[in-house]
Structures are given as structure tokens and as C-alpha cells.
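Engineer: Handing you a structure now.
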Amino acid sequence: MKLEKSCGGLVVNEGKVALVYQAGPETWSFPKGHRESHETPIEAAYREVLEETGLTNLTLLRPLGSYQRPIIGRPGILKELTYFLFISDDDEIIPERSINVGQWVDVNNVTDFLIYQHDIDFYRRIEDIVRSV
């Protein structure tokens, strides 16, 4: 299996988490994207969060870990996702690239938006950390 590496962030603002909607596979997810060869995971996470949400006032709190999942419509490819926890006091999500919609979702409702079971399982593992922010 081929492995693609992506980095991103769970961004929290007053009990809400930033989610982005991608029209291609029609999915809600945490902001993330491919890590460039010259980037560290945290550099890639900052860049991707900025590109997909437009949030500029980000404070890194901690790494959240990594997991792997398949990619819809791309058999034989696994995506390894590495996430970091950020806080932001920016109110508006204004995507800078190919994301159609971004929105703040209450920490209690995040799993209602996610479609990948691996994403849901990951969020449930770190949900208490997110709630404590």
C-alpha cells in the first residue's frame, strides 16, 4: 500500500472546533493537507490550517498524535494524518483555497459531521483534551 502523509490541526475557539467541507469527496474534516518535503509536521499543520480556514491567530497547545485511514475513491492508498491542537480567537473561517465551507462546530457535535470511522475514533480518543481547552 502507498502511504500519503498529511498534517493538520484541531483548532478550538470557545468550545467549538473548526471543520472544513471538501466538495470533491463531499466530506467534513479537520483542516489538513499534504506535508511538503522541506516542512516539519508542525510547519505543514500551520500552513494547512491557514490555507483551509484563513485563521491567522493560532496558538499551538500540543501534538495530538497520528493515525492512518483509507482514502475514499483511491484504493490501495493509506493516508497518515498527524494532528496538533491549536486555539484561536478568530471568529470567522474564511478558506483561502479549494474548501467550499468552513465552520465552527460545538465540541459535542463534531462526530456528527465526520464520515470516516477512523476520524471519529481519533476524535473520541482526544475529545477530553479538546473539551478541556
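Note on naming: chains are A, B, ... as they come in the C-alpha cells, residues start from 1 per chain, ligands start from 1 in the order shown.
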Apply DSSP to the backbone of this structure and, from stretch 4-71 of chain A, keep only the residues in helix (DSSP H, G or I); write these as a count of residues only.
Structural biologist: 13
Engineer: Can you pull out the residues contacting stretch 66-79 of chain A? Cut-off 6 Å, using only C-alpha atoms, and skip same-chain residues under 4 positions away; I want them as a compact mmCIF listing (two decimals) with C-alpha atoms, in the first residue's frame.
Structural biologist:
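Okay, this is what ended up in part_5.txt:
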```txt
# COMPACT_ATOMS: atom_id res chain seq x y z
CA MET A 1 0.00 0.00 0.00
CA LYS A 2 1.10 3.52 -0.77
CA LEU A 3 1.23 5.94 2.17
CA GLU A 4 0.43 9.66 1.87
CA LYS A 5 1.36 11.91 4.79
```
Engineer: For each of A:Thr40, A:Asn13, A:Ser6, A:Thr53, take the minimum atom-to-atom distance to A:Asn100, counting only C-alpha atoms, then give the residue where this is smallest.
Structural biologist: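 So, comparing all the options, the nearest one is A:Thr53.
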Engineer: Go through A:Gln103, A:Thr56, A:Ser29, A:Ser132 and flag the residue nearest A:His118, using only C-alpha atoms for the distances.
Structural biologist: A:Ser29
Engineer: Could you tell me how far atom CA of A:Asn108 sits from atom CA of A:Glu14, in Å to one decimal place?
Structural biologist: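 One can read the atom CA of A:Glu14 to atom CA of A:Asn108 distance as 12.4 Å.
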Engineer: So, with only C-alpha atoms as the atoms that count, which of A:Gly102, A:Phe122, A:Gly33, A:Leu50 lies closest to A:Val20?
Structural biologist: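 Among A:Gly102, A:Phe122, A:Gly33, A:Leu50, it is A:Gly102 that comes nearest to A:Val20.
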Engineer: Output as number ranges by chain all residues of stretch 2-132 of chain A that backbone DSSP marks as strand (DSSP E or B).
Structural biologist: A: 2-13, 16-22, 27-29, 32-34, 58-70, 77-88, 101-106, 114
Engineer: Extract, using only C-alpha atoms, all DNA, RNA and protein residues at most 7 Å from stretch 84-94 of chain A, discarding same-chain residues fewer than 3 positions from it, and format them as a list in words.
Structural biologist: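 Counting only the stated atoms, we get Gly8, Gly9, Leu10, Val11, Val12, Asn13, Thr53, Gly54, Leu55, Asn57, Leu58, Thr59, Leu60, Leu61, Arg62, Pro63, Leu64, Gly102 and Gln103 of chain A.
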Engineer: Have a look at atom CA of A:Ile42 and atom CA of A:Asp128 and let me know their distance in Å, one decimal.
Structural biologist: 21.9 Å
